[in-house]
>>> print(open('structure08.cif').read())   # mmCIF, C-alpha atoms
data_my_file
#
loop_
_atom_site.group_PDB
_atom_site.id
_atom_site.type_symbol
_atom_site.label_atom_id
_atom_site.label_comp_id
_atom_site.auth_asym_id
_atom_site.auth_seq_id
_atom_site.Cartn_x
_atom_site.Cartn_y
_atom_site.Cartn_z
ATOM 1 C CA MET A 931 -19.330 -19.767 30.387
ATOM 2 C CA ASN A 932 -15.817 -20.620 31.563
ATOM 3 C CA LEU A 933 -13.566 -18.590 29.234
ATOM 4 C CA SER A 934 -10.499 -20.767 29.724
ATOM 5 C CA LYS A 935 -12.462 -23.926 28.861
ATOM 6 C CA SER A 936 -13.978 -22.195 25.817
ATOM 7 C CA THR A 937 -10.538 -21.109 24.595
ATOM 8 C CA THR A 938 -9.153 -24.618 25.110
ATOM 9 C CA SER A 939 -12.027 -26.054 23.061
ATOM 10 C CA ILE A 940 -11.319 -23.621 20.221
ATOM 11 C CA GLN A 941 -7.646 -24.573 20.291
ATOM 12 C CA LYS A 942 -8.581 -28.251 19.996
ATOM 13 C CA ILE A 943 -10.863 -27.445 17.052
ATOM 14 C CA GLY A 944 -8.032 -25.467 15.456
ATOM 15 C CA LEU A 945 -5.678 -28.422 15.770
ATOM 16 C CA LEU A 946 -8.325 -30.730 14.303
ATOM 17 C CA VAL A 947 -8.926 -28.406 11.346
ATOM 18 C CA ALA A 948 -5.183 -28.113 10.758
ATOM 19 C CA MET A 949 -4.799 -31.890 10.592
ATOM 20 C CA LEU A 950 -7.942 -32.221 8.447
ATOM 21 C CA CYS A 951 -6.781 -29.623 5.926
ATOM 22 C CA MET A 952 -3.332 -31.156 5.642
ATOM 23 C CA ALA A 953 -4.673 -34.691 5.254
ATOM 24 C CA GLN A 954 -7.447 -33.728 2.859
ATOM 25 C CA PHE A 955 -5.110 -31.564 0.781
ATOM 26 C CA ALA A 956 -2.681 -34.464 0.408
ATOM 27 C CA SER A 957 -5.573 -36.782 -0.474
ATOM 28 C CA ALA A 958 -6.955 -34.312 -3.001
ATOM 29 C CA GLN A 959 -3.591 -33.912 -4.672
ATOM 30 C CA SER A 960 -3.421 -37.696 -5.034
ATOM 31 C CA GLN A 961 -6.944 -37.925 -6.404
ATOM 32 C CA ASP A 962 -6.529 -34.976 -8.726
ATOM 33 C CA SER A 963 -3.229 -36.330 -10.018
ATOM 34 C CA THR A 964 -5.185 -38.146 -12.743
ATOM 35 C CA LYS A 965 -6.071 -34.726 -14.134
ATOM 36 C CA HIS A 966 -2.389 -33.669 -14.230
ATOM 37 C CA VAL A 967 -3.309 -29.988 -13.836
ATOM 38 C CA LEU A 968 -1.932 -27.586 -11.227
ATOM 39 C CA ASN A 969 -3.200 -24.011 -11.085
ATOM 40 C CA PHE A 970 -0.796 -21.375 -9.820
ATOM 41 C CA MET A 971 -1.791 -17.751 -9.257
ATOM 42 C CA GLY A 972 -0.149 -14.901 -7.449
ATOM 43 C CA ALA A 973 -0.032 -11.187 -6.765
ATOM 44 C CA ALA A 974 2.779 -8.865 -5.764
ATOM 45 C CA SER A 975 2.300 -5.355 -4.430
ATOM 46 C CA VAL A 976 4.252 -2.478 -2.963
ATOM 47 C CA THR A 977 2.624 0.027 -0.638
ATOM 48 C CA ASN A 978 3.440 3.103 1.412
ATOM 49 C CA ASN A 979 1.863 1.494 4.504
ATOM 50 C CA GLY A 980 1.625 -2.268 4.920
ATOM 51 C CA PHE A 981 -1.635 -3.584 6.377
ATOM 52 C CA SER A 982 -1.699 -6.814 8.338
ATOM 53 C CA PHE A 983 -4.028 -9.782 7.770
ATOM 54 C CA ILE A 984 -6.366 -7.996 10.220
ATOM 55 C CA PRO A 985 -6.923 -4.403 8.924
ATOM 56 C CA SER A 986 -6.726 -2.725 12.337
ATOM 57 C CA PHE A 987 -3.005 -3.581 12.472
ATOM 58 C CA SER A 988 -0.489 -2.002 10.121
ATOM 59 C CA LEU A 989 3.272 -1.757 9.749
ATOM 60 C CA GLY A 990 3.236 2.027 9.408
ATOM 61 C CA LYS A 991 6.065 1.783 6.844
ATOM 62 C CA PRO A 992 6.488 0.951 3.144
ATOM 63 C CA ALA A 993 6.038 -2.760 2.547
ATOM 64 C CA ALA A 994 6.073 -5.429 -0.156
ATOM 65 C CA ILE A 995 3.459 -8.185 -0.093
ATOM 66 C CA LEU A 996 3.408 -11.459 -2.025
ATOM 67 C CA ASN A 997 0.276 -13.631 -2.216
ATOM 68 C CA PHE A 998 0.092 -17.040 -3.872
ATOM 69 C CA ASN A 999 -2.652 -19.557 -4.595
ATOM 70 C CA VAL A 1000 -1.840 -23.132 -5.559
ATOM 71 C CA ASN A 1001 -4.601 -25.653 -6.191
ATOM 72 C CA GLY A 1002 -5.083 -28.870 -8.081
ATOM 73 C CA GLY A 1003 -8.826 -29.212 -7.625
ATOM 74 C CA LYS A 1004 -12.025 -27.379 -6.760
ATOM 75 C CA ARG A 1005 -11.945 -27.740 -2.967
ATOM 76 C CA PHE A 1006 -8.353 -27.520 -1.737
ATOM 77 C CA SER A 1007 -5.876 -24.675 -1.961
ATOM 78 C CA PHE A 1008 -2.579 -23.572 -0.460
ATOM 79 C CA GLU A 1009 -2.407 -19.769 -0.158
ATOM 80 C CA PRO A 1010 0.811 -18.507 1.463
ATOM 81 C CA GLU A 1011 1.342 -14.789 2.137
ATOM 82 C CA PHE A 1012 4.722 -13.101 2.610
ATOM 83 C CA ARG A 1013 5.084 -9.535 3.890
ATOM 84 C CA PHE A 1014 8.331 -7.555 3.997
ATOM 85 C CA ASP A 1015 9.363 -4.262 5.606
ATOM 86 C CA LEU A 1016 10.925 -2.302 2.735
ATOM 87 C CA GLU A 1017 12.334 0.420 4.966
ATOM 88 C CA GLY A 1018 14.317 -2.028 7.080
ATOM 89 C CA ALA A 1019 14.737 -4.684 4.352
ATOM 90 C CA ARG A 1020 13.447 -7.296 6.805
ATOM 91 C CA PRO A 1021 10.698 -9.943 6.834
ATOM 92 C CA TRP A 1022 7.492 -8.751 8.495
ATOM 93 C CA SER A 1023 5.207 -11.802 8.484
ATOM 94 C CA PHE A 1024 4.913 -15.174 6.736
ATOM 95 C CA ILE A 1025 1.530 -16.943 6.750
ATOM 96 C CA PHE A 1026 1.084 -20.402 5.243
ATOM 97 C CA ILE A 1027 -2.665 -20.784 4.694
ATOM 98 C CA TRP A 1028 -4.385 -24.088 3.889
ATOM 99 C CA ARG A 1029 -8.066 -23.903 2.883
ATOM 100 C CA TYR A 1030 -10.742 -26.493 2.170
ATOM 101 C CA LYS A 1031 -14.279 -25.873 0.832
ATOM 102 C CA LEU A 1032 -16.646 -27.951 2.938
ATOM 103 C CA ILE A 1033 -19.536 -26.753 0.761
ATOM 104 C CA ASN A 1034 -18.840 -25.793 -2.841
ATOM 105 C CA ALA A 1035 -22.266 -25.162 -4.384
ATOM 106 C CA GLU A 1036 -22.857 -22.761 -7.259
ATOM 107 C CA ARG A 1037 -23.965 -19.890 -5.038
ATOM 108 C CA PHE A 1038 -23.055 -20.886 -1.488
ATOM 109 C CA LYS A 1039 -19.589 -21.846 -0.297
ATOM 110 C CA LEU A 1040 -18.329 -22.681 3.175
ATOM 111 C CA THR A 1041 -14.565 -22.669 3.587
ATOM 112 C CA ILE A 1042 -12.499 -23.730 6.574
ATOM 113 C CA GLY A 1043 -8.779 -23.162 6.897
ATOM 114 C CA THR A 1044 -5.727 -23.053 9.071
ATOM 115 C CA HIS A 1045 -2.482 -21.064 9.131
ATOM 116 C CA LEU A 1046 0.274 -23.644 9.411
ATOM 117 C CA PRO A 1047 2.404 -21.931 10.465
ATOM 118 C CA ALA A 1048 1.826 -18.184 10.959
ATOM 119 C CA LEU A 1049 5.004 -16.276 11.778
ATOM 120 C CA ASN A 1050 5.430 -12.653 12.781
ATOM 121 C CA PHE A 1051 8.858 -10.999 12.839
ATOM 122 C CA ARG A 1052 9.942 -8.020 14.903
ATOM 123 C CA THR A 1053 13.257 -6.310 15.549
ATOM 124 C CA VAL A 1054 14.423 -6.123 19.158
ATOM 125 C CA PRO A 1055 17.597 -4.453 20.529
ATOM 126 C CA VAL A 1056 20.061 -6.696 22.387
ATOM 127 C CA ILE A 1057 23.491 -6.228 23.939
ATOM 128 C CA LYS A 1058 26.077 -8.844 22.922
ATOM 129 C CA ASN A 1059 29.659 -8.593 24.145
ATOM 130 C CA GLY A 1060 29.028 -4.957 25.030
ATOM 131 C CA VAL A 1061 27.793 -4.122 21.522
ATOM 132 C CA ALA A 1062 24.210 -2.996 20.763
ATOM 133 C CA LEU A 1063 22.637 -5.117 18.031
ATOM 134 C CA ASP A 1064 19.225 -5.390 16.367
ATOM 135 C CA VAL A 1065 17.998 -8.984 16.286
ATOM 136 C CA ILE A 1066 14.971 -10.319 14.408
ATOM 137 C CA GLN A 1067 12.679 -12.182 16.795
ATOM 138 C CA THR A 1068 10.042 -14.639 15.536
ATOM 139 C CA GLN A 1069 6.581 -14.918 17.078
ATOM 140 C CA ARG A 1070 4.604 -18.065 16.277
ATOM 141 C CA PHE A 1071 0.833 -18.353 16.114
ATOM 142 C CA PHE A 1072 -0.763 -21.789 16.329
ATOM 143 C CA PRO A 1073 -3.408 -23.007 16.187
ATOM 144 C CA VAL A 1074 -5.088 -20.561 13.813
ATOM 145 C CA LEU A 1075 -8.597 -21.425 12.616
ATOM 146 C CA GLU A 1076 -10.640 -19.843 9.780
ATOM 147 C CA VAL A 1077 -14.335 -20.276 8.963
ATOM 148 C CA ALA A 1078 -15.798 -18.371 6.001
ATOM 149 C CA PRO A 1079 -19.343 -18.753 4.609
ATOM 150 C CA ASN A 1080 -20.032 -16.861 1.370
ATOM 151 C CA TYR A 1081 -23.141 -16.430 -0.795
ATOM 152 C CA ALA A 1082 -23.031 -15.150 -4.387
ATOM 153 C CA LEU A 1083 -25.933 -12.882 -5.315
ATOM 154 C CA ASN A 1084 -24.747 -12.866 -8.933
ATOM 155 C CA LYS A 1085 -21.481 -13.176 -10.872
ATOM 156 C CA SER A 1086 -20.139 -9.873 -9.522
ATOM 157 C CA ILE A 1087 -21.633 -9.456 -6.042
ATOM 158 C CA SER A 1088 -21.331 -11.687 -2.989
ATOM 159 C CA ILE A 1089 -21.874 -11.350 0.744
ATOM 160 C CA GLY A 1090 -20.328 -13.355 3.544
ATOM 161 C CA ALA A 1091 -18.722 -13.605 6.940
ATOM 162 C CA PHE A 1092 -15.274 -14.497 8.189
ATOM 163 C CA TYR A 1093 -14.159 -15.775 11.594
ATOM 164 C CA LEU A 1094 -10.550 -16.213 12.679
ATOM 165 C CA TYR A 1095 -9.183 -17.502 15.951
ATOM 166 C CA GLY A 1096 -5.465 -17.304 16.631
ATOM 167 C CA HIS A 1097 -3.376 -18.455 19.570
ATOM 168 C CA SER A 1098 0.278 -17.704 20.282
ATOM 169 C CA PRO A 1099 2.448 -19.881 22.563
ATOM 170 C CA GLU A 1100 4.976 -17.048 22.961
ATOM 171 C CA VAL A 1101 5.414 -15.538 26.426
ATOM 172 C CA ASP A 1102 5.401 -11.909 25.240
ATOM 173 C CA ALA A 1103 2.620 -12.177 22.622
ATOM 174 C CA THR A 1104 -1.156 -11.851 22.839
ATOM 175 C CA LYS A 1105 -2.368 -15.343 23.682
ATOM 176 C CA ASN A 1106 -5.799 -15.349 22.041
ATOM 177 C CA THR A 1107 -7.238 -13.313 19.200
ATOM 178 C CA HIS A 1108 -10.801 -13.426 17.838
ATOM 179 C CA PHE A 1109 -11.702 -11.678 14.566
ATOM 180 C CA VAL A 1110 -15.288 -11.632 13.231
ATOM 181 C CA SER A 1111 -16.067 -9.856 9.959
ATOM 182 C CA LEU A 1112 -19.227 -9.217 7.933
ATOM 183 C CA ARG A 1113 -18.191 -8.428 4.387
ATOM 184 C CA SER A 1114 -19.311 -7.980 0.804
ATOM 185 C CA ASN A 1115 -17.529 -8.178 -2.510
ATOM 186 C CA PHE A 1116 -18.257 -6.149 -5.655
ATOM 187 C CA SER A 1117 -15.813 -7.741 -8.086
ATOM 188 C CA ASN A 1118 -16.575 -6.141 -11.440
ATOM 189 C CA VAL A 1119 -17.899 -2.582 -11.297
ATOM 190 C CA LYS A 1120 -17.526 -1.272 -14.864
ATOM 191 C CA LEU A 1121 -16.236 2.273 -15.254
ATOM 192 C CA SER A 1122 -15.693 2.068 -19.035
ATOM 193 C CA LYS A 1123 -15.148 -0.604 -21.680
ATOM 194 C CA GLN A 1124 -11.643 -1.233 -20.362
ATOM 195 C CA LEU A 1125 -11.592 0.062 -16.783
ATOM 196 C CA PHE A 1126 -13.312 -1.558 -13.811
ATOM 197 C CA MET A 1127 -13.021 -1.506 -10.041
ATOM 198 C CA ARG A 1128 -13.354 -3.960 -7.175
ATOM 199 C CA LEU A 1129 -14.794 -2.907 -3.821
ATOM 200 C CA ASN A 1130 -14.561 -4.986 -0.638
ATOM 201 C CA PRO A 1131 -16.184 -3.243 2.370
ATOM 202 C CA GLN A 1132 -16.475 -4.893 5.777
ATOM 203 C CA VAL A 1133 -17.351 -4.225 9.400
ATOM 204 C CA PHE A 1134 -15.594 -6.304 12.010
ATOM 205 C CA TYR A 1135 -15.166 -7.054 15.688
ATOM 206 C CA LEU A 1136 -11.715 -7.745 17.111
ATOM 207 C CA LYS A 1137 -10.850 -9.141 20.527
ATOM 208 C CA SER A 1138 -7.123 -9.149 21.255
ATOM 209 C CA GLY A 1139 -6.319 -10.477 24.706
ATOM 210 C CA ASP A 1140 -8.587 -8.706 27.191
ATOM 211 C CA LYS A 1141 -9.285 -5.730 24.889
ATOM 212 C CA ASP A 1142 -11.723 -5.426 22.008
ATOM 213 C CA GLY A 1143 -13.094 -3.047 19.412
ATOM 214 C CA PHE A 1144 -15.398 -2.483 16.425
ATOM 215 C CA TYR A 1145 -14.135 -1.266 13.041
ATOM 216 C CA ALA A 1146 -15.122 -0.526 9.447
ATOM 217 C CA ALA A 1147 -12.738 -1.132 6.554
ATOM 218 C CA ALA A 1148 -12.743 -1.205 2.765
ATOM 219 C CA ASN A 1149 -10.406 -2.125 -0.047
ATOM 220 C CA LEU A 1150 -10.850 -0.395 -3.418
ATOM 221 C CA THR A 1151 -8.976 -1.538 -6.542
ATOM 222 C CA LEU A 1152 -8.833 0.127 -9.959
ATOM 223 C CA ALA A 1153 -7.829 -2.187 -12.807
ATOM 224 C CA LYS A 1154 -7.842 -2.554 -16.593
ATOM 225 C CA LYS A 1155 -8.950 -5.597 -18.561
ATOM 226 C CA ASN A 1156 -6.121 -7.877 -19.694
ATOM 227 C CA PHE A 1157 -3.567 -5.691 -17.896
ATOM 228 C CA PRO A 1158 -1.591 -7.141 -14.956
ATOM 229 C CA PHE A 1159 -1.039 -3.896 -13.016
ATOM 230 C CA SER A 1160 -3.615 -2.332 -10.705
ATOM 231 C CA LEU A 1161 -3.894 0.520 -8.210
ATOM 232 C CA SER A 1162 -5.609 0.019 -4.854
ATOM 233 C CA THR A 1163 -6.208 1.629 -1.499
ATOM 234 C CA MET A 1164 -7.049 0.142 1.902
ATOM 235 C CA MET A 1165 -8.860 2.162 4.569
ATOM 236 C CA ASN A 1166 -9.625 1.271 8.177
ATOM 237 C CA LYS A 1167 -11.697 3.265 10.665
ATOM 238 C CA ALA A 1168 -12.029 2.502 14.372
ATOM 239 C CA LEU A 1169 -15.656 2.859 15.472
ATOM 240 C CA LYS A 1170 -15.244 2.013 19.154
ATOM 241 C CA THR A 1171 -12.152 0.306 20.507
ATOM 242 C CA GLU A 1172 -9.882 -0.304 23.487
ATOM 243 C CA ILE A 1173 -7.089 -1.631 21.265
ATOM 244 C CA ALA A 1174 -4.148 0.676 20.616
ATOM 245 C CA GLY A 1175 -3.821 1.953 17.052
ATOM 246 C CA LYS A 1176 -4.726 4.767 14.696
ATOM 247 C CA ASP A 1177 -8.307 6.006 14.660
ATOM 248 C CA PHE A 1178 -8.125 6.147 10.835
ATOM 249 C CA ASN A 1179 -5.521 4.473 8.670
ATOM 250 C CA TRP A 1180 -5.049 4.056 4.925
ATOM 251 C CA ASN A 1181 -2.565 3.141 2.221
ATOM 252 C CA LEU A 1182 -1.965 3.211 -1.521
ATOM 253 C CA SER A 1183 -0.644 0.155 -3.346
ATOM 254 C CA LEU A 1184 0.602 -0.793 -6.798
ATOM 255 C CA GLY A 1185 -0.146 -4.422 -7.602
ATOM 256 C CA TYR A 1186 0.861 -6.982 -10.227
ATOM 257 C CA THR A 1187 -1.022 -10.250 -10.820
ATOM 258 C CA PHE A 1188 0.157 -13.387 -12.582
ATOM 259 C CA GLY A 1189 -0.887 -16.990 -13.005
ATOM 260 C CA SER A 1190 -0.470 -20.178 -14.974
ATOM 261 C CA SER A 1191 -1.827 -23.700 -15.294
ATOM 262 C CA TYR A 1192 0.705 -26.492 -15.488
ATOM 263 C CA THR A 1193 -0.055 -29.844 -17.091
ATOM 264 C CA ARG A 1194 2.188 -32.793 -16.347
ATOM 265 C CA PRO A 1195 2.908 -35.142 -19.272
#
>>> encode(input="structure08.cif", output="structure tokens")
Amino acid sequence: MNLSKSTTSIQKIGLLVAMLCMAQFASAQSQDSTKHVLNFMGAASVTNNGFSFIPSFSLGKPAAILNFNVNGGKRFSFEPEFRFDLEGARPWSFIFIWRYKLINAERFKLTIGTHLPALNFRTVPVIKNGVALDVIQTQRFFPVLEVAPNYALNKSISIGAFYLYGHSPEVDATKNTHFVSLRSNFSNVKLSKQLFMRLNPQVFYLKSGDKDGFYAAANLTLAKKNFPFSLSTMMNKALKTEIAGKDFNWNLSLGYTFGSSYTRP
């Protein structure tokens, strides 16, 4: 198979999905306007080591992460993510995620999505008028395509897969990234009448440029019923990889969740 032709085809699919999600989201908002209900949910967390959207990449510094979910129906959602470097008081990455459920059955769901846009920020040293300065440089990623099938075994356990393709037009960035994950979700593991935990293990394959690797990762969250704060940890282990990074990486995070439903008069 011609790799360049394959990559070009994926980019075209990514562009198509981006346009589809935007158009369908706008259409859904119009159709759902008769219901006059908008659901808004979010989560904020602080951590000693910020993990990226792909677990094999991390900031290596304390970070703050904000996640939001806005939807006015059952199929469409807008889920932006904002990550900040607390040590440098700088933005780290902003990802504006649009998702659409192609299949939304009781047990099986198939979701497609796009990141429009996905921005990564890094600090680079420059010399201006003989003075050394640190300048924030933005790296863009587009198109970015998501495909995620998921099957619910019961109310608390589900299994699924996740595929992400990302392309960057920047000269000094990795042009093409492929991320394939097999994952499961244990959402309500009771520890007592009030305490429960969530466990999200996964194994994944990552191809970044001309290098690739296999990894195992898991997110574990400890929470209390009707209490907005939670404690979680993320762990990532490289099984076999050519990609630079830590062999084992982890963090500890304090999270806060919130949400509301708004009804227009």
>>> resolve_selection(input="structure08.cif", expression="the PyMOL selection byres ((chain A and resi 1189) around 10)", output="number ranges by chain")
A: 969-973, 998-1000, 1187-1188, 1190-1192
>>> axis_aligned_box(input="structure08.cif", around="region 1160-1169 of chain A", padding_each_side="6 Å", output="lines of an AutoDock Vina configuration file")
center_x = -9.6
center_y = 0.5
center_z = 2.4
size_x = 24.0
size_y = 17.6
size_z = 38.2
>>> resolve_selection(input="structure08.cif", expression="the PyMOL selection byres ((chain A and resi 1125-1137) around 8)", output="ChimeraX atom specification")
/A:1107-1124,1138-1155
>>> closest_residue(input="structure08.cif", among="A:Leu1063, A:Leu1083, A:Glu1017, A:Thr1053", to="Asn978 (chain A)", atoms="all atoms listed in the file")
A:Glu1017
>>> closest_residue(input="structure08.cif", among="A:Trp1022, A:Tyr1030, A:Phe987, A:Phe1008", to="Leu1046 (chain A)", atoms="only C-alpha atoms")
A:Phe1008
>>> residues_near_point(input="structure08.cif", point="(-21.4, -22.3, -4.6)", cutoff="12 Å", atoms="all atoms listed in the file", output="PyMOL selection string")
chain A and resi 1004-1005+1031-1041+1079-1085+1088
>>> resolve_selection(input="structure08.cif", expression="the PyMOL selection byres ((chain A and resi 1027) around 12)", output="VMD selection string")
chain A and resid 947 to 948 951 to 952 955 983 997 to 1000 1006 to 1012 1024 to 1026 1028 to 1030 1042 to 1049 1072 to 1076
>>> write_last_selection(input="structure08.cif", atoms="C-alpha atoms", output="short mmCIF file (atom, residue, chain, number, x, y, z; two decimals), in the coordinates of the input")
data_model
loop_
_atom_site.label_atom_id
_atom_site.label_comp_id
_atom_site.auth_asym_id
_atom_site.auth_seq_id
_atom_site.Cartn_x
_atom_site.Cartn_y
_atom_site.Cartn_z
CA VAL A 947 -8.93 -28.41 11.35
CA ALA A 948 -5.18 -28.11 10.76
CA CYS A 951 -6.78 -29.62 5.93
CA MET A 952 -3.33 -31.16 5.64
CA PHE A 955 -5.11 -31.56 0.78
CA PHE A 983 -4.03 -9.78 7.77
CA ASN A 997 0.28 -13.63 -2.22
CA PHE A 998 0.09 -17.04 -3.87
CA ASN A 999 -2.65 -19.56 -4.60
CA VAL A 1000 -1.84 -23.13 -5.56
CA PHE A 1006 -8.35 -27.52 -1.74
CA SER A 1007 -5.88 -24.68 -1.96
CA PHE A 1008 -2.58 -23.57 -0.46
CA GLU A 1009 -2.41 -19.77 -0.16
CA PRO A 1010 0.81 -18.51 1.46
CA GLU A 1011 1.34 -14.79 2.14
CA PHE A 1012 4.72 -13.10 2.61
CA PHE A 1024 4.91 -15.17 6.74
CA ILE A 1025 1.53 -16.94 6.75
CA PHE A 1026 1.08 -20.40 5.24
CA TRP A 1028 -4.38 -24.09 3.89
CA ARG A 1029 -8.07 -23.90 2.88
CA TYR A 1030 -10.74 -26.49 2.17
CA ILE A 1042 -12.50 -23.73 6.57
CA GLY A 1043 -8.78 -23.16 6.90
CA THR A 1044 -5.73 -23.05 9.07
CA HIS A 1045 -2.48 -21.06 9.13
CA LEU A 1046 0.27 -23.64 9.41
CA PRO A 1047 2.40 -21.93 10.46
CA ALA A 1048 1.83 -18.18 10.96
CA LEU A 1049 5.00 -16.28 11.78
CA PHE A 1072 -0.76 -21.79 16.33
CA PRO A 1073 -3.41 -23.01 16.19
CA VAL A 1074 -5.09 -20.56 13.81
CA LEU A 1075 -8.60 -21.42 12.62
CA GLU A 1076 -10.64 -19.84 9.78
#
>>> atom_distance(input="structure08.cif", atom1="CA of Leu1094 (chain A)", atom2="CA of Val1077 (chain A)")
6.7 Å
